[in-house]
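Shown next: data.cif, given as mmCIF, C-alpha atoms and all ligand atoms.
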data_coords
#
loop_
_atom_site.label_atom_id
_atom_site.label_comp_id
_atom_site.auth_asym_id
_atom_site.auth_seq_id
_atom_site.Cartn_x
_atom_site.Cartn_y
_atom_site.Cartn_z
CA MET A 29 -49.10 -16.67 -17.32
CA ARG A 30 -48.80 -13.12 -16.02
CA LYS A 31 -48.83 -14.51 -12.48
CA ASN A 32 -45.98 -16.89 -13.42
CA LYS A 33 -43.96 -14.02 -14.88
CA ASN A 34 -44.42 -12.01 -11.70
CA ALA A 35 -43.33 -14.97 -9.59
CA VAL A 36 -40.17 -15.41 -11.70
CA LEU A 37 -39.45 -11.68 -11.48
CA LEU A 38 -39.93 -11.76 -7.72
CA ALA A 39 -37.61 -14.77 -7.40
CA VAL A 40 -34.93 -13.01 -9.47
CA LEU A 41 -35.23 -9.84 -7.39
CA VAL A 42 -35.01 -11.82 -4.14
CA SER A 43 -31.89 -13.68 -5.42
CA ILE A 44 -30.22 -10.40 -6.45
CA SER A 45 -31.05 -8.82 -3.07
CA VAL A 46 -29.68 -11.85 -1.20
CA PHE A 47 -26.50 -11.76 -3.30
CA LEU A 48 -26.03 -8.01 -2.80
CA PHE A 49 -26.77 -8.26 0.90
CA ALA A 50 -24.29 -11.14 1.28
CA SER A 51 -21.56 -9.22 -0.57
CA LEU A 52 -22.13 -6.08 1.46
CA ALA A 53 -22.34 -8.03 4.71
CA SER A 54 -19.14 -9.99 4.07
CA ALA A 55 -17.22 -6.80 3.22
CA ALA A 56 -18.71 -5.00 6.22
CA GLU A 57 -18.18 -7.85 8.72
CA ALA A 58 -14.43 -8.30 8.21
CA PRO A 59 -12.48 -6.48 10.95
CA LYS A 60 -11.21 -3.09 9.86
CA VAL A 61 -7.45 -2.77 9.56
CA VAL A 62 -4.64 -0.25 9.84
CA ILE A 63 -1.82 -0.36 7.29
CA ALA A 64 1.35 1.39 8.44
CA HIS A 65 2.24 3.33 5.29
CA ARG A 66 5.99 3.02 4.68
CA ALA A 67 6.03 1.77 8.34
CA ALA A 68 5.63 4.46 11.04
CA SER A 69 6.73 7.08 8.48
CA GLY A 70 5.09 9.96 10.33
CA TYR A 71 7.75 9.57 13.03
CA LEU A 72 10.87 8.06 11.44
CA PRO A 73 12.28 7.98 7.88
CA ASP A 74 10.27 5.89 5.38
CA HIS A 75 10.79 2.13 5.42
CA THR A 76 13.69 2.04 7.88
CA LEU A 77 13.82 -0.84 10.35
CA PRO A 78 13.37 1.48 13.36
CA ALA A 79 10.19 2.76 11.68
CA VAL A 80 9.10 -0.86 11.18
CA ALA A 81 9.73 -1.66 14.88
CA MET A 82 7.76 1.42 15.88
CA ALA A 83 4.80 0.49 13.65
CA TYR A 84 4.96 -3.02 15.06
CA ALA A 85 4.91 -1.70 18.63
CA PHE A 86 1.75 0.25 17.80
CA GLY A 87 0.11 -3.13 17.07
CA THR A 88 -0.82 -2.07 13.54
CA HIS A 89 -2.36 -4.90 11.48
CA PHE A 90 -0.12 -4.59 8.42
CA ILE A 91 3.20 -2.92 7.67
CA GLU A 92 3.77 -1.77 4.10
CA GLN A 93 6.90 -2.49 2.03
CA ASP A 94 7.38 -0.65 -1.28
CA VAL A 95 9.97 -2.71 -3.14
CA ALA A 96 12.48 -2.10 -5.94
CA LEU A 97 15.34 -4.27 -7.23
CA THR A 98 19.05 -3.56 -7.02
CA LYS A 99 21.45 -4.11 -9.95
CA ASP A 100 22.25 -7.54 -8.51
CA GLY A 101 18.58 -8.49 -8.23
CA ILE A 102 17.86 -8.05 -4.53
CA PHE A 103 14.62 -6.47 -3.31
CA VAL A 104 15.20 -3.40 -1.17
CA VAL A 105 12.45 -1.55 0.67
CA ILE A 106 12.18 1.97 -0.68
CA HIS A 107 9.25 4.04 -1.88
CA ASP A 108 10.86 5.33 -5.07
CA VAL A 109 12.76 3.68 -7.90
CA HIS A 110 15.14 6.62 -7.34
CA LEU A 111 17.55 6.96 -4.45
CA ASP A 112 17.96 10.72 -4.31
CA SER A 113 14.84 11.74 -2.33
CA THR A 114 15.69 9.62 0.70
CA THR A 115 19.45 8.94 0.66
CA ASN A 116 22.81 10.71 0.35
CA VAL A 117 23.55 8.93 -2.96
CA ALA A 118 24.56 12.16 -4.74
CA GLU A 119 27.33 12.76 -2.18
CA VAL A 120 28.60 9.18 -2.13
CA PHE A 121 28.34 8.39 -5.84
CA PRO A 122 28.49 11.74 -7.69
CA GLY A 123 27.90 11.35 -11.43
CA ARG A 124 26.15 7.97 -11.16
CA HIS A 125 22.81 9.48 -12.22
CA ARG A 126 21.01 8.93 -15.49
CA GLU A 127 20.35 11.61 -18.14
CA ASP A 128 17.27 12.76 -16.21
CA GLY A 129 19.52 13.61 -13.26
CA ARG A 130 18.03 10.87 -11.06
CA TYR A 131 19.91 8.04 -9.30
CA TYR A 132 18.11 4.73 -9.88
CA VAL A 133 18.07 1.85 -7.39
CA ILE A 134 18.46 -0.56 -10.32
CA ASP A 135 21.86 0.98 -11.23
CA PHE A 136 23.44 0.20 -7.83
CA THR A 137 24.46 -3.07 -6.18
CA LEU A 138 23.14 -3.99 -2.78
CA GLU A 139 26.60 -3.40 -1.32
CA GLU A 140 26.62 0.13 -2.73
CA ILE A 141 23.11 0.82 -1.46
CA LYS A 142 24.02 -0.46 1.99
CA SER A 143 26.79 2.17 2.12
CA LEU A 144 24.21 4.98 1.85
CA GLU A 145 22.50 6.86 4.65
CA VAL A 146 18.72 6.90 4.53
CA ASN A 147 17.14 10.22 5.49
CA GLU A 148 13.76 11.75 6.01
CA ARG A 149 12.30 12.52 2.55
CA ILE A 150 13.40 15.72 0.83
CA ASN A 151 12.20 17.54 -2.26
CA VAL A 152 15.13 16.93 -4.66
CA LYS A 153 14.60 20.29 -6.37
CA THR A 154 14.69 22.43 -3.22
CA GLY A 155 16.58 20.17 -0.80
CA GLU A 156 13.89 20.94 1.80
CA ALA A 157 12.12 18.32 3.93
CA VAL A 158 8.77 17.32 2.39
CA PHE A 159 7.22 17.18 5.87
CA PRO A 160 9.11 19.78 7.96
CA GLY A 161 7.45 18.71 11.23
CA ARG A 162 8.77 15.16 11.03
CA PHE A 163 12.10 13.53 11.95
CA PRO A 164 14.93 16.00 11.18
CA VAL A 165 16.81 15.27 7.93
CA GLY A 166 20.25 13.79 8.66
CA ALA A 167 19.81 13.79 12.47
CA ALA A 168 20.55 10.06 12.80
CA ARG A 169 21.99 7.31 10.65
CA PHE A 170 19.67 4.75 9.07
CA GLU A 171 20.26 2.15 6.37
CA MET A 172 17.98 0.70 3.75
CA PRO A 173 16.66 -2.78 4.56
CA THR A 174 16.23 -5.57 2.07
CA LEU A 175 12.76 -7.07 1.85
CA GLU A 176 14.09 -10.26 3.42
CA GLU A 177 15.62 -8.38 6.36
CA GLU A 178 12.31 -6.65 7.00
CA ILE A 179 10.27 -9.85 6.77
CA GLU A 180 12.71 -11.57 9.14
CA MET A 181 12.26 -8.73 11.62
CA ILE A 182 8.46 -8.80 11.44
CA GLN A 183 8.34 -12.60 11.67
CA GLY A 184 10.84 -12.54 14.56
CA LEU A 185 8.62 -10.07 16.40
CA ASN A 186 5.58 -12.20 15.60
CA LYS A 187 7.34 -15.05 17.38
CA SER A 188 8.58 -13.06 20.38
CA THR A 189 5.32 -11.17 20.96
CA GLY A 190 2.84 -13.84 19.94
CA LEU A 191 1.15 -11.33 17.63
CA ASN A 192 0.59 -11.94 13.94
CA ILE A 193 1.24 -8.73 12.06
CA GLY A 194 1.03 -8.90 8.30
CA ILE A 195 3.10 -7.54 5.44
CA TYR A 196 1.85 -5.49 2.49
CA PRO A 197 4.48 -5.37 -0.30
CA GLU A 198 4.03 -3.10 -3.33
CA LEU A 199 5.83 -3.85 -6.59
CA LYS A 200 7.21 -0.51 -7.73
CA ASN A 201 7.33 0.23 -11.47
CA PRO A 202 7.35 -3.32 -12.87
CA ALA A 203 7.80 -1.98 -16.44
CA LEU A 204 11.16 -0.42 -15.54
CA HIS A 205 12.32 -3.67 -13.95
CA HIS A 206 11.15 -5.77 -16.92
CA LYS A 207 13.14 -3.46 -19.21
CA GLU A 208 16.21 -4.21 -17.11
CA GLY A 209 15.63 -7.96 -17.56
CA PHE A 210 14.11 -8.81 -14.18
CA GLU A 211 10.94 -10.91 -13.78
CA MET A 212 9.92 -8.90 -10.78
CA GLU A 213 6.64 -10.74 -10.11
CA LYS A 214 8.26 -14.19 -10.14
CA MET A 215 11.09 -12.93 -7.95
CA LEU A 216 8.66 -11.51 -5.39
CA LEU A 217 6.73 -14.78 -5.21
CA GLU A 218 10.01 -16.63 -4.61
CA VAL A 219 10.81 -14.41 -1.62
CA LEU A 220 7.28 -14.63 -0.22
CA THR A 221 7.23 -18.42 -0.63
CA LYS A 222 10.59 -18.67 1.17
CA TYR A 223 8.97 -16.99 4.19
CA GLY A 224 5.76 -19.04 4.11
CA TYR A 225 3.40 -16.61 2.40
CA THR A 226 1.81 -19.03 -0.03
CA SER A 227 -1.95 -19.20 0.36
CA SER A 228 -5.07 -17.06 0.22
CA ASP A 229 -5.15 -16.88 4.03
CA SER A 230 -1.49 -15.85 4.42
CA ASN A 231 -1.16 -12.62 6.37
CA VAL A 232 -0.20 -10.54 3.36
CA PHE A 233 -1.61 -8.35 0.62
CA VAL A 234 0.42 -7.77 -2.54
CA GLN A 235 -0.34 -4.43 -4.18
CA CYS A 236 0.54 -2.74 -7.46
CA PHE A 237 -0.59 0.18 -9.64
CA ASP A 238 0.25 -1.92 -12.71
CA HIS A 239 -2.69 -4.31 -12.95
CA ASP A 240 -0.99 -6.40 -15.63
CA SER A 241 1.56 -7.19 -12.97
CA LEU A 242 -1.17 -8.49 -10.65
CA ILE A 243 -2.56 -10.59 -13.50
CA LYS A 244 0.97 -11.92 -14.05
CA LEU A 245 1.09 -12.94 -10.37
CA ARG A 246 -2.16 -14.89 -10.84
CA GLU A 247 -0.80 -16.50 -14.02
CA LEU A 248 2.21 -17.61 -11.99
CA GLY A 249 -0.29 -19.47 -9.82
CA THR A 250 -0.37 -17.40 -6.66
CA GLU A 251 -3.42 -17.51 -4.38
CA LEU A 252 -2.15 -14.59 -2.27
CA PRO A 253 -4.57 -11.70 -1.67
CA LEU A 254 -3.94 -8.99 -4.27
CA VAL A 255 -4.86 -5.31 -4.16
CA ALA A 256 -5.18 -3.18 -7.29
CA LEU A 257 -4.00 0.35 -6.58
CA LEU A 258 -5.98 3.09 -8.30
CA ASN A 259 -4.91 6.64 -9.05
CA ARG A 260 -7.60 7.43 -11.62
CA ALA A 261 -11.37 7.02 -11.82
CA VAL A 262 -12.72 3.58 -12.76
CA THR A 263 -16.13 2.40 -13.96
CA ALA A 264 -18.32 -0.39 -12.61
CA GLU A 265 -17.15 -2.48 -15.57
CA ASP A 266 -13.51 -1.82 -14.66
CA LEU A 267 -14.29 -3.09 -11.16
CA ASP A 268 -15.97 -6.20 -12.61
CA TYR A 269 -12.68 -6.88 -14.38
CA ILE A 270 -10.50 -6.09 -11.35
CA ALA A 271 -12.58 -8.54 -9.30
CA THR A 272 -11.53 -11.35 -11.67
CA PHE A 273 -7.93 -11.18 -10.42
CA ALA A 274 -7.82 -9.03 -7.26
CA ASP A 275 -9.26 -9.19 -3.76
CA GLY A 276 -9.32 -5.49 -3.12
CA ILE A 277 -8.66 -1.99 -4.36
CA GLY A 278 -6.34 0.66 -2.98
CA PRO A 279 -7.74 3.95 -4.26
CA SER A 280 -6.31 7.41 -3.81
CA MET A 281 -8.44 9.32 -1.29
CA LYS A 282 -9.25 11.75 -4.12
CA LEU A 283 -11.28 9.04 -5.87
CA ILE A 284 -13.53 8.80 -2.81
CA GLU A 285 -14.10 12.45 -1.98
CA THR A 286 -12.74 15.85 -2.83
CA ASP A 287 -10.35 17.85 -0.70
CA GLY A 288 -13.35 19.95 0.33
CA GLY A 289 -15.17 16.86 1.64
CA GLU A 290 -17.62 16.37 -1.26
CA PRO A 291 -18.21 12.64 -1.82
CA VAL A 292 -17.34 11.52 -5.34
CA ASP A 293 -20.70 10.29 -6.67
CA ASP A 294 -21.99 9.46 -3.16
CA TRP A 295 -18.84 7.39 -2.41
CA ALA A 296 -19.84 5.12 -5.29
CA LEU A 297 -16.39 3.57 -5.63
CA VAL A 298 -16.56 2.05 -2.15
CA LYS A 299 -20.09 0.74 -2.66
CA LEU A 300 -19.37 -0.72 -6.10
CA ALA A 301 -16.21 -2.41 -4.82
CA HIS A 302 -18.07 -3.96 -1.87
CA GLU A 303 -20.81 -5.25 -4.16
CA ARG A 304 -18.07 -7.14 -5.99
CA GLY A 305 -16.55 -8.54 -2.79
CA LEU A 306 -13.49 -6.29 -3.04
CA VAL A 307 -12.04 -4.79 0.13
CA VAL A 308 -11.24 -1.07 0.00
CA HIS A 309 -7.95 0.26 1.44
CA PRO A 310 -7.50 3.93 0.43
CA TYR A 311 -4.20 5.84 0.65
CA THR A 312 -2.83 7.94 2.35
CA LEU A 313 -4.18 9.54 5.54
CA ARG A 314 -1.70 11.98 7.07
CA LYS A 315 -2.07 14.15 10.14
CA ASP A 316 0.24 16.74 8.59
CA SER A 317 -1.42 16.83 5.16
CA MET A 318 -5.18 16.65 5.68
CA PRO A 319 -8.00 17.40 3.25
CA SER A 320 -9.11 21.01 3.71
CA ALA A 321 -12.54 19.87 4.93
CA PHE A 322 -11.00 18.43 8.11
CA GLN A 323 -9.06 20.00 10.97
CA ASP A 324 -9.00 17.03 13.29
CA PHE A 325 -7.17 13.84 12.24
CA GLU A 326 -9.20 11.58 14.51
CA GLU A 327 -12.36 12.93 12.91
CA LEU A 328 -10.95 12.21 9.46
CA LEU A 329 -10.11 8.63 10.44
CA GLU A 330 -13.55 8.04 11.94
CA HIS A 331 -15.15 9.49 8.83
CA TYR A 332 -13.26 7.05 6.57
CA TYR A 333 -13.77 3.98 8.75
CA TYR A 334 -17.35 4.49 9.85
CA GLU A 335 -19.09 6.95 7.53
CA ILE A 336 -17.56 5.98 4.21
CA GLY A 337 -17.08 2.41 5.43
CA VAL A 338 -13.61 1.51 4.16
CA ASP A 339 -12.17 -1.83 5.29
CA GLY A 340 -8.73 -0.47 6.07
CA LEU A 341 -6.52 2.47 5.25
CA PHE A 342 -2.91 3.41 4.66
CA THR A 343 -1.65 5.97 7.13
CA ASP A 344 1.70 7.47 8.14
CA PHE A 345 0.31 7.66 11.71
CA PRO A 346 -0.77 4.07 12.47
CA ASP A 347 -0.90 4.65 16.23
CA LEU A 348 -3.67 7.22 15.80
CA ALA A 349 -5.67 4.94 13.51
CA MET A 350 -5.29 2.07 16.00
CA LYS A 351 -6.69 4.32 18.75
CA VAL A 352 -9.72 5.16 16.62
CA LEU A 353 -10.42 1.48 15.95
CA GLU A 354 -9.88 0.58 19.61
CA LYS A 355 -12.35 3.27 20.65
CA GLY A 356 -14.89 1.96 18.11
CA LYS A 357 -17.87 3.69 16.54
O1 LIG A 401 0.50 1.68 -1.73
C1 LIG A 401 -0.44 2.58 -1.26
C2 LIG A 401 0.19 3.88 -1.38
O2 LIG A 401 1.42 3.76 -0.73
C3 LIG A 401 0.39 4.22 -2.81
O3 LIG A 401 1.08 5.35 -2.91
O4 LIG A 401 3.06 6.40 -3.75
O5 LIG A 401 2.81 6.09 -1.31
O6 LIG A 401 3.30 4.14 -2.76
P1 LIG A 401 2.65 5.48 -2.66
CA CA A 402 3.00 2.14 -1.47
#

Go ahead and render the structure in this file as structure tokens.
Amino acid sequence: MRKNKNAVLLAVLVSISVFLFASLASAAEAPKVVIAHRAASGYLPDHTLPAVAMAYAFGTHFIEQDVALTKDGIFVVIHDVHLDSTTNVAEVFPGRHREDGRYYVIDFTLEEIKSLEVNERINVKTGEAVFPGRFPVGAARFEMPTLEEEIEMIQGLNKSTGLNIGIYPELKNPALHHKEGFEMEKMLLEVLTKYGYTSSDSNVFVQCFDHDSLIKLRELGTELPLVALLNRAVTAEDLDYIATFADGIGPSMKLIETDGGEPVDDWALVKLAHERGLVVHPYTLRKDSMPSAFQDFEELLEHYYYEIGVDGLFTDFPDLAMKVLEKGK
């Protein structure tokens, strides 16, 4: 009897090991990717089409689109739900702010937004550039693209170059959009379907901090790969739940290790995610805003890809991440 029990125990342990090994192997085997964060935002203003073309020319695997809706229900590509950090809205439409002093994308029509100049990001309180070493504020004129314009550009380049670079849209503040009467999730799926992103192997990840929004996307029947963004610590049980609707997590770097380079619980988040078959795409690696433990950006990238073992990462400097991957371990 005891012998039988031991045999059963052994069989269970072998099955668990095989399952864990298979999960780890599948996560580890997939090619590592570079996600151009807000396009090539280290060199040109966030989410502008020139920044998209530049990221594309670097051969980055995915280009990110943060999306918000205009008053007339069109997706524009902008990091914030506000216009004032990256456009001259206060000059063009003085007084059109809300009580909090901010100018909301949702309060302006697409035509109005197209009349604005998009600039390098500023701190709205000080008026100073957030990254002083980057493209000079106001030195050239850029406009805000719609999501459709950006997809058309990426797909056009995919045709003319023969490459297949993916998109990585993020639904920004779904709760605000729901309050304004827009079914943001359904509207995004309509746009993605129009451009052929319909299945689990489409070259796209859809990301959101609001996990209810990702669940809504699943309820609407999408098979598209989904990434749950994380800005706070999660438990193994939370990850079990996330794995029921998402294909990956996009954690803040701070959930993986401290600024001083101390791993958070031996990089447990990455390991636990991989055990559940979730890919891990942390944000955001920046040459001009590095953790204090690192002086060299290439070293930081290698550390994330090869020591911590992430599957991809968001970076404002996609060319440098591509070089690290091309060089290999
Ligand atoms: O989407 C990944 C990363 O971009 C999340 O942060 O604030 O830059 O959109 P944020
Ligand atoms: Ca984003």

Counting only C-alpha atoms and all ligand atoms, name the residues that have an atom within 7 Å of an atom of ligand LIG 401 (chain A); the answer should be given as number ranges by chain.
A: 65, 94, 107, 198, 235, 257, 278, 311-312, 342

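The residue set within 9 Å of A:Ser320, counting all atoms listed in the file and dropping same-chain residues fewer than 5 places from it, reads Asp287, Gly288 and Gly289 of chain A.
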
Mind running chain A against ligand CA 402 (chain A) at 12 Å and telling me each contacting residue's nearest atom pair with the distance in Å (one decimal), counting all atoms listed in the file, chain and number ascending, as a tab-separated table?
residue	atom	partner	partner_atom	distance
A:Ile63	CA	A:CA402	CA	10.3
A:Ala64	CA	A:CA402	CA	10.1
A:His65	CA	A:CA402	CA	6.9
A:Arg66	CA	A:CA402	CA	6.9
A:Ala67	CA	A:CA402	CA	10.3
A:Ser69	CA	A:CA402	CA	11.7
A:Asp74	CA	A:CA402	CA	10.7
A:His75	CA	A:CA402	CA	10.4
A:Ile91	CA	A:CA402	CA	10.4
A:Glu92	CA	A:CA402	CA	6.8
A:Gln93	CA	A:CA402	CA	7.0
A:Asp94	CA	A:CA402	CA	5.2
A:Val95	CA	A:CA402	CA	8.7
A:Ala96	CA	A:CA402	CA	11.3
A:Val105	CA	A:CA402	CA	10.4
A:Ile106	CA	A:CA402	CA	9.2
A:His107	CA	A:CA402	CA	6.5
A:Asp108	CA	A:CA402	CA	9.2
A:Val109	CA	A:CA402	CA	11.8
A:Ile195	CA	A:CA402	CA	11.9
A:Tyr196	CA	A:CA402	CA	8.7
A:Pro197	CA	A:CA402	CA	7.7
A:Glu198	CA	A:CA402	CA	5.7
A:Leu199	CA	A:CA402	CA	8.4
A:Lys200	CA	A:CA402	CA	8.0
A:Asn201	CA	A:CA402	CA	11.1
A:Phe233	CA	A:CA402	CA	11.6
A:Val234	CA	A:CA402	CA	10.3
A:Gln235	CA	A:CA402	CA	7.9
A:Cys236	CA	A:CA402	CA	8.1
A:Phe237	CA	A:CA402	CA	9.1
A:Val255	CA	A:CA402	CA	11.2
A:Ala256	CA	A:CA402	CA	11.4
A:Leu257	CA	A:CA402	CA	8.8
A:Leu258	CA	A:CA402	CA	11.3
A:Asn259	CA	A:CA402	CA	11.8
A:Gly278	CA	A:CA402	CA	9.6
A:Pro279	CA	A:CA402	CA	11.2
A:Ser280	CA	A:CA402	CA	11.0
A:His309	CA	A:CA402	CA	11.5
A:Pro310	CA	A:CA402	CA	10.8
A:Tyr311	CA	A:CA402	CA	8.4
A:Thr312	CA	A:CA402	CA	9.1
A:Leu341	CA	A:CA402	CA	11.7
A:Phe342	CA	A:CA402	CA	8.6
A:Thr343	CA	A:CA402	CA	10.5
A:Asp344	CA	A:CA402	CA	11.1

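Near A:Ile179, within a cut-off of 8 Å and counting all atoms listed in the file, sit the residues A:Leu175, A:Glu176, A:Ile182, A:Gln183, A:Ile195, A:Tyr223, with same-chain residues fewer than 3 positions away left out.
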
Residues around (-3.2, -11.7, -0.9), cut-off 7 Å, counting all atoms listed in the file - what are they as a PyMOL selection string?
chain A and resi 228+230+232-234+251-254

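Atom pair atom CA of A:Asp112 / atom CA of A:Thr98: separated by 14.6 Å.
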
Given only C-alpha atoms as the counted atoms, nearest of A:Ile336, A:Ala167, A:Ala79, A:His89 to A:Lys60
A:His89

So which residues touch stretch 125-141 of chain A within 12 Å, counting all atoms listed in the file, skipping near sequence neighbours fewer than 2 positions away, as a tab-separated table (two decimals) with C-alpha atoms, in the frame of the given file?
chain	number	residue	atom	x	y	z
A	95	VAL	CA	9.97	-2.71	-3.14
A	96	ALA	CA	12.48	-2.10	-5.94
A	97	LEU	CA	15.34	-4.27	-7.23
A	98	THR	CA	19.05	-3.56	-7.02
A	99	LYS	CA	21.45	-4.11	-9.95
A	100	ASP	CA	22.25	-7.54	-8.51
A	101	GLY	CA	18.58	-8.49	-8.23
A	102	ILE	CA	17.86	-8.05	-4.53
A	103	PHE	CA	14.62	-6.47	-3.31
A	104	VAL	CA	15.20	-3.40	-1.17
A	105	VAL	CA	12.45	-1.55	0.67
A	106	ILE	CA	12.18	1.97	-0.68
A	107	HIS	CA	9.25	4.04	-1.88
A	108	ASP	CA	10.86	5.33	-5.07
A	109	VAL	CA	12.76	3.68	-7.90
A	110	HIS	CA	15.14	6.62	-7.34
A	111	LEU	CA	17.55	6.96	-4.45
A	112	ASP	CA	17.96	10.72	-4.31
A	113	SER	CA	14.84	11.74	-2.33
A	114	THR	CA	15.69	9.62	0.70
A	115	THR	CA	19.45	8.94	0.66
A	116	ASN	CA	22.81	10.71	0.35
A	117	VAL	CA	23.55	8.93	-2.96
A	118	ALA	CA	24.56	12.16	-4.74
A	119	GLU	CA	27.33	12.76	-2.18
A	120	VAL	CA	28.60	9.18	-2.13
A	121	PHE	CA	28.34	8.39	-5.84
A	122	PRO	CA	28.49	11.74	-7.69
A	123	GLY	CA	27.90	11.35	-11.43
A	143	SER	CA	26.79	2.17	2.12
A	144	LEU	CA	24.21	4.98	1.85
A	145	GLU	CA	22.50	6.86	4.65
A	146	VAL	CA	18.72	6.90	4.53
A	152	VAL	CA	15.13	16.93	-4.66
A	153	LYS	CA	14.60	20.29	-6.37
A	170	PHE	CA	19.67	4.75	9.07
A	171	GLU	CA	20.26	2.15	6.37
A	172	MET	CA	17.98	0.70	3.75
A	173	PRO	CA	16.66	-2.78	4.56
A	174	THR	CA	16.23	-5.57	2.07
A	175	LEU	CA	12.76	-7.07	1.85
A	200	LYS	CA	7.21	-0.51	-7.73
A	201	ASN	CA	7.33	0.23	-11.47
A	202	PRO	CA	7.35	-3.32	-12.87
A	204	LEU	CA	11.16	-0.42	-15.54
A	205	HIS	CA	12.32	-3.67	-13.95
A	206	HIS	CA	11.15	-5.77	-16.92
A	207	LYS	CA	13.14	-3.46	-19.21
A	208	GLU	CA	16.21	-4.21	-17.11
A	209	GLY	CA	15.63	-7.96	-17.56
A	210	PHE	CA	14.11	-8.81	-14.18
A	212	MET	CA	9.92	-8.90	-10.78

Box time for stretch 276-291 of chain A: axis-aligned, enclosing all its listed atoms, 6 Å extra on each side; report centre and edge lengths in Å to one decimal, as JSON.
{"center_x": -12.3, "center_y": 7.2, "center_z": -2.1, "size_x": 23.9, "size_y": 37.4, "size_z": 19.5}

Quick one: residues within 9 Å of stretch 294-296 of chain A, all atoms listed in the file counted, chain neighbours fewer than 6 positions away excluded, as a list in words?
Leu283, Ile284, Glu285 and Ile336 of chain A

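Of the listed residues (A:Met82, A:Leu348, A:Leu248, A:Leu72), A:Leu348 comes nearest to A:Glu326; the distances count only C-alpha atoms.
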